[in-house]
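Peer 1: The structure's right below; bear with me while I get my questions together.
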Amino acid sequence: MSKKPVQFRLNGADKAVFVDDGQNLLDVLRRGIGDFAPKYGCGQGTCGVCTVLIDGEPYLACLTLAETCEGREVQTASGLAPGPELHPLQKAFMEHFAAQCGFCTPGMLMAAKALLDRNPQPSREDVVEAIGGNICRCTGYEPIINAILAAASAAGRRPA
Ligand code: FES
Ligand code: FES
């Protein structure tokens with residue numbers, strides 16, 4: 001099997017990897033680079049636990065060919081809080097008990113980040129739609145929706 005060199009930015013850092021033909025981004029992130037925030041669930045685009053941002057848009061890493069990330073900016077939940085402070089979404093998830101087993105949480109956080117980046121004051125319906133592809137087996141969704149709305153309103157109260 002032939003290997004291809006691919007370079008991209010991951011959470012602000014340059015990465016250069018060799019990928020197999022047809023290798024997906026999730027596999028490269030987890031096995032190749034060691035970023036285990038994006039999870040492997042269904043492997044076929046139906047659960048959302050592998051959600052990452054590519055150039056600010058949410059993508060399912062299990063369905064994204066790694067070679068298509070050449071020159072692009074990939075963000076995972078590992079990069080949400082580069083310092084000791086939690087990202088506001090992480091803080092809201094914690095405060096609103098939006099994570100139980102936590103398996104869906106990294107994907108939920110990235111889907112929520114994409115939403116708040118493009119729409120800082122979403123309606124409840126916007127939030128429901130934004131996480132519509134992300135399955136949670138534990139929380140029943142209400143705490144997650146409430147956490148995302150709380151993060152949005154906390155950001156709205158922050159001085160510019
Ligand atoms: S592992 Fe990617 S959508 Fe389920
Ligand atoms: S917190 Fe367990 S799957 Fe969502």
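Ordering of the structure tokens sets the chain letters (A, B, ...), residue numbers begin anew at 1 in every chain, and ligands are numbered from 1 in the order given.
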Name the residues of chain A that come out as alpha helix (DSSP H) in a backbone DSSP run; write them as a PyMOL selection string.

Peer 2: chain A and resi 25-27+88-95+105-118+124-130+142-157

Peer 1: Using only C-alpha atoms and all ligand atoms, determine which residues fall within 7 Å of ligand 1, then list them as a PyMOL selection string.

Peer 2: chain A and resi 39-51+60-63

Peer 1: For stretch 65-67 of chain A, please output as a count of residues only all residues within 7 Å (counting only C-alpha atoms; exclusion window: fewer than 3 positions along the same chain).

Peer 2: 8

Peer 1: Taking only residues of chain A that have an atom at most 8 Å from an atom of ligand 2, what is each one's shortest atom pair and its distance in Å to one decimal, using only C-alpha atoms and all ligand atoms, in chain and number order, as a Markdown table?

Peer 2:
```
| residue | atom | partner | partner_atom_place_in_ligand_line | distance |
| --- | --- | --- | --- | --- |
| A:Ala98 | CA | ligand 2 | 1 (S) | 6.8 |
| A:Ala99 | CA | ligand 2 | 1 (S) | 4.2 |
| A:Gln100 | CA | ligand 2 | 1 (S) | 4.1 |
| A:Cys101 | CA | ligand 2 | 2 (Fe) | 3.9 |
| A:Gly102 | CA | ligand 2 | 1 (S) | 4.1 |
| A:Phe103 | CA | ligand 2 | 3 (S) | 4.9 |
| A:Cys104 | CA | ligand 2 | 4 (Fe) | 4.3 |
| A:Thr105 | CA | ligand 2 | 4 (Fe) | 5.9 |
| A:Ile135 | CA | ligand 2 | 3 (S) | 6.8 |
| A:Cys136 | CA | ligand 2 | 4 (Fe) | 3.7 |
| A:Arg137 | CA | ligand 2 | 3 (S) | 4.2 |
| A:Cys138 | CA | ligand 2 | 2 (Fe) | 4.3 |
| A:Thr139 | CA | ligand 2 | 1 (S) | 5.6 |
```

Peer 1: Compile the contact shell of A:Pro88 as a list in words: residues with an atom at most 8 Å away, counting only C-alpha atoms, same-chain residues fewer than 4 positions apart removed.

Peer 2: Ala92, Ala151 and Ala155 of chain A

Peer 1: Once you have the residues from the selection above, write them out as a PDB file, in the first residue's frame, restricted to N, CA, C and O atoms.

Peer 2:
```pdb
ATOM      1  N   ALA A  92     -19.234  24.910  30.963  1.00  0.00           N
ATOM      2  CA  ALA A  92     -20.698  24.796  30.985  1.00  0.00           C
ATOM      3  C   ALA A  92     -21.132  23.331  31.012  1.00  0.00           C
ATOM      4  O   ALA A  92     -22.088  22.975  31.716  1.00  0.00           O
ATOM      5  N   ALA A 151     -23.374  28.433  27.848  1.00  0.00           N
ATOM      6  CA  ALA A 151     -22.071  28.935  27.363  1.00  0.00           C
ATOM      7  C   ALA A 151     -22.289  30.132  26.457  1.00  0.00           C
ATOM      8  O   ALA A 151     -21.531  31.115  26.508  1.00  0.00           O
ATOM      9  N   ALA A 155     -21.013  33.942  27.341  1.00  0.00           N
ATOM     10  CA  ALA A 155     -20.149  34.687  26.405  1.00  0.00           C
ATOM     11  C   ALA A 155     -20.765  36.037  26.079  1.00  0.00           C
ATOM     12  O   ALA A 155     -20.062  37.039  25.933  1.00  0.00           O
TER      13      ALA A 155
END
```

Peer 1: Which residues of stretch 6-101 of chain A have any atom within 8 Å of an atom in stretch 109-128 of chain A when counting only C-alpha atoms, and what is the closest pair of atoms for each, with the distance in Å to one decimal? Order the rows by chain and rising number and write it as a Markdown table.

Peer 2:
```
| residue | atom | partner | partner_atom | distance |
| --- | --- | --- | --- | --- |
| A:Thr51 | CA | A:Met110 | CA | 6.4 |
| A:Val52 | CA | A:Met110 | CA | 5.9 |
| A:Leu53 | CA | A:Met110 | CA | 6.7 |
| A:Gly56 | CA | A:Ala114 | CA | 6.3 |
| A:Glu57 | CA | A:Ala114 | CA | 6.1 |
| A:Pro58 | CA | A:Ala111 | CA | 6.1 |
| A:Thr76 | CA | A:Met110 | CA | 6.9 |
| A:Ala77 | CA | A:Met110 | CA | 6.4 |
| A:Leu89 | CA | A:Leu109 | CA | 6.8 |
| A:Gln90 | CA | A:Leu109 | CA | 7.3 |
```

Peer 1: Which residue out of A:Ile54, A:Leu80, A:Leu86, A:Val17 has the minimum interatomic distance to A:Pro5 when only C-alpha atoms are used?

Peer 2: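 Of A:Ile54, A:Leu80, A:Leu86, A:Val17, the one nearest A:Pro5 is A:Val17, counting only C-alpha atoms.
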
Peer 1: What parts of chain A does DSSP call strand (DSSP E or B)? I'd like the answer as JSON, numbers by chain.

Peer 2: {"A": [3, 4, 5, 6, 7, 8, 9, 10, 13, 14, 15, 16, 17, 18, 19, 20, 24, 51, 52, 53, 54, 57, 58, 59, 60, 65, 73, 74, 75]}

Peer 1: Just write the chosen residues, N, CA, C and O atoms, as a tab-separated table (two decimals), in the first residue's frame.

Peer 2:
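Contents of selection-v3.tsv, as written:
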```tsv
chain	number	residue	atom	x	y	z
A	3	LYS	N	2.09	5.16	0.53
A	3	LYS	CA	1.91	6.19	1.57
A	3	LYS	C	2.05	7.55	0.92
A	3	LYS	O	2.86	7.73	0.01
A	4	LYS	N	1.28	8.49	1.45
A	4	LYS	CA	1.35	9.86	0.94
A	4	LYS	C	1.71	10.80	2.08
A	4	LYS	O	1.14	10.68	3.17
A	5	PRO	N	2.60	11.78	1.81
A	5	PRO	CA	2.86	12.77	2.86
A	5	PRO	C	1.72	13.78	2.91
A	5	PRO	O	1.22	14.22	1.88
A	6	VAL	N	1.29	14.11	4.11
A	6	VAL	CA	0.24	15.12	4.30
A	6	VAL	C	0.67	16.06	5.43
A	6	VAL	O	1.16	15.60	6.46
A	7	GLN	N	0.52	17.34	5.18
A	7	GLN	CA	0.83	18.33	6.23
A	7	GLN	C	-0.42	19.14	6.53
A	7	GLN	O	-1.13	19.55	5.61
A	8	PHE	N	-0.67	19.32	7.79
A	8	PHE	CA	-1.81	20.17	8.19
A	8	PHE	C	-1.52	20.73	9.57
A	8	PHE	O	-0.51	20.40	10.19
A	9	ARG	N	-2.37	21.65	10.02
A	9	ARG	CA	-2.24	22.20	11.36
A	9	ARG	C	-3.24	21.47	12.25
A	9	ARG	O	-4.40	21.29	11.86
A	10	LEU	N	-2.79	21.05	13.42
A	10	LEU	CA	-3.68	20.40	14.38
A	10	LEU	C	-3.64	21.21	15.66
A	10	LEU	O	-2.59	21.29	16.32
A	13	ALA	N	-0.73	23.54	15.81
A	13	ALA	CA	0.64	23.04	15.63
A	13	ALA	C	0.76	22.36	14.27
A	13	ALA	O	-0.16	21.65	13.83
A	14	ASP	N	1.90	22.57	13.61
A	14	ASP	CA	2.14	21.92	12.32
A	14	ASP	C	2.32	20.42	12.51
A	14	ASP	O	3.03	19.99	13.42
A	15	LYS	N	1.70	19.65	11.63
A	15	LYS	CA	1.86	18.19	11.65
A	15	LYS	C	2.21	17.72	10.26
A	15	LYS	O	1.67	18.23	9.26
A	16	ALA	N	3.12	16.77	10.18
A	16	ALA	CA	3.47	16.15	8.91
A	16	ALA	C	3.42	14.64	9.12
A	16	ALA	O	4.09	14.11	10.03
A	17	VAL	N	2.59	13.97	8.36
A	17	VAL	CA	2.41	12.53	8.56
A	17	VAL	C	2.38	11.83	7.20
A	17	VAL	O	2.13	12.47	6.16
A	18	PHE	N	2.65	10.54	7.21
A	18	PHE	CA	2.44	9.73	6.02
A	18	PHE	C	1.14	8.96	6.21
A	18	PHE	O	0.94	8.35	7.27
A	19	VAL	N	0.26	9.05	5.22
A	19	VAL	CA	-1.03	8.36	5.34
A	19	VAL	C	-1.18	7.33	4.23
A	19	VAL	O	-0.63	7.49	3.15
A	20	ASP	N	-1.91	6.28	4.54
A	20	ASP	CA	-2.20	5.25	3.54
A	20	ASP	C	-3.29	5.74	2.60
A	20	ASP	O	-4.11	6.58	2.98
A	24	ASN	N	-8.57	7.18	6.91
A	24	ASN	CA	-9.41	8.30	7.34
A	24	ASN	C	-8.71	9.14	8.41
A	24	ASN	O	-7.77	8.70	9.06
A	51	THR	N	-16.46	13.86	15.73
A	51	THR	CA	-16.57	15.20	15.13
A	51	THR	C	-15.34	16.06	15.44
A	51	THR	O	-14.93	16.20	16.60
A	52	VAL	N	-14.77	16.63	14.40
A	52	VAL	CA	-13.66	17.59	14.52
A	52	VAL	C	-14.03	18.80	13.67
A	52	VAL	O	-14.98	18.75	12.88
A	53	LEU	N	-13.27	19.87	13.81
A	53	LEU	CA	-13.46	21.01	12.93
A	53	LEU	C	-12.34	21.05	11.91
A	53	LEU	O	-11.17	20.85	12.26
A	54	ILE	N	-12.70	21.29	10.67
A	54	ILE	CA	-11.71	21.51	9.62
A	54	ILE	C	-12.01	22.87	9.02
A	54	ILE	O	-13.13	23.10	8.54
A	57	GLU	N	-15.31	24.23	10.25
A	57	GLU	CA	-16.58	23.54	9.99
A	57	GLU	C	-16.53	22.13	10.57
A	57	GLU	O	-15.49	21.47	10.52
A	58	PRO	N	-17.67	21.66	11.10
A	58	PRO	CA	-17.66	20.30	11.66
A	58	PRO	C	-17.62	19.21	10.58
A	58	PRO	O	-18.33	19.31	9.58
A	59	TYR	N	-16.76	18.24	10.82
A	59	TYR	CA	-16.63	17.09	9.92
A	59	TYR	C	-16.60	15.82	10.75
A	59	TYR	O	-16.11	15.84	11.89
A	60	LEU	N	-17.09	14.74	10.17
A	60	LEU	CA	-16.95	13.44	10.80
A	60	LEU	C	-15.60	12.87	10.38
A	60	LEU	O	-15.39	12.56	9.20
A	65	LEU	N	-11.29	11.62	4.37
A	65	LEU	CA	-9.99	11.09	3.94
A	65	LEU	C	-8.89	12.00	4.47
A	65	LEU	O	-8.94	13.23	4.29
A	73	GLU	N	-6.68	23.47	8.56
A	73	GLU	CA	-6.59	23.65	10.02
A	73	GLU	C	-7.59	22.69	10.67
A	73	GLU	O	-8.80	22.84	10.46
A	74	VAL	N	-7.07	21.74	11.40
A	74	VAL	CA	-7.93	20.75	12.07
A	74	VAL	C	-7.95	21.08	13.56
A	74	VAL	O	-6.90	21.36	14.16
A	75	GLN	N	-9.13	21.07	14.14
A	75	GLN	CA	-9.27	21.30	15.59
A	75	GLN	C	-10.00	20.13	16.22
A	75	GLN	O	-11.02	19.67	15.68
```

Peer 1: With only C-alpha atoms as the atoms that count, which of A:Ser78, A:Ser153, A:Thr64, A:Asn134 lies nearest to A:Leu26?

Peer 2: A:Thr64

Peer 1: Could you tell me which of A:Asp21, A:Asn11, A:Gly32, A:Asp27 comes closest to A:Arg72 if we count only C-alpha atoms?

Peer 2: A:Asn11

Peer 1: Go through A:Gly133, A:Pro143, A:Gly156, A:Gly83 and flag the residue nearest A:His96, using only C-alpha atoms for the distances.

Peer 2: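 The closest residue to A:His96 is A:Pro143.
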
Peer 1: Find the distance between atom CA of A:Arg31 and atom CA of A:His87 and write it in Å to one decimal.

Peer 2: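 Atom CA of A:His87 lies 25.5 Å from atom CA of A:Arg31.
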
Peer 1: As an exercise, work out the distance from atom CA of A:Leu149 to atom CA of A:Gly107 in Å and give it to one decimal place.

Peer 2: 16.7 Å
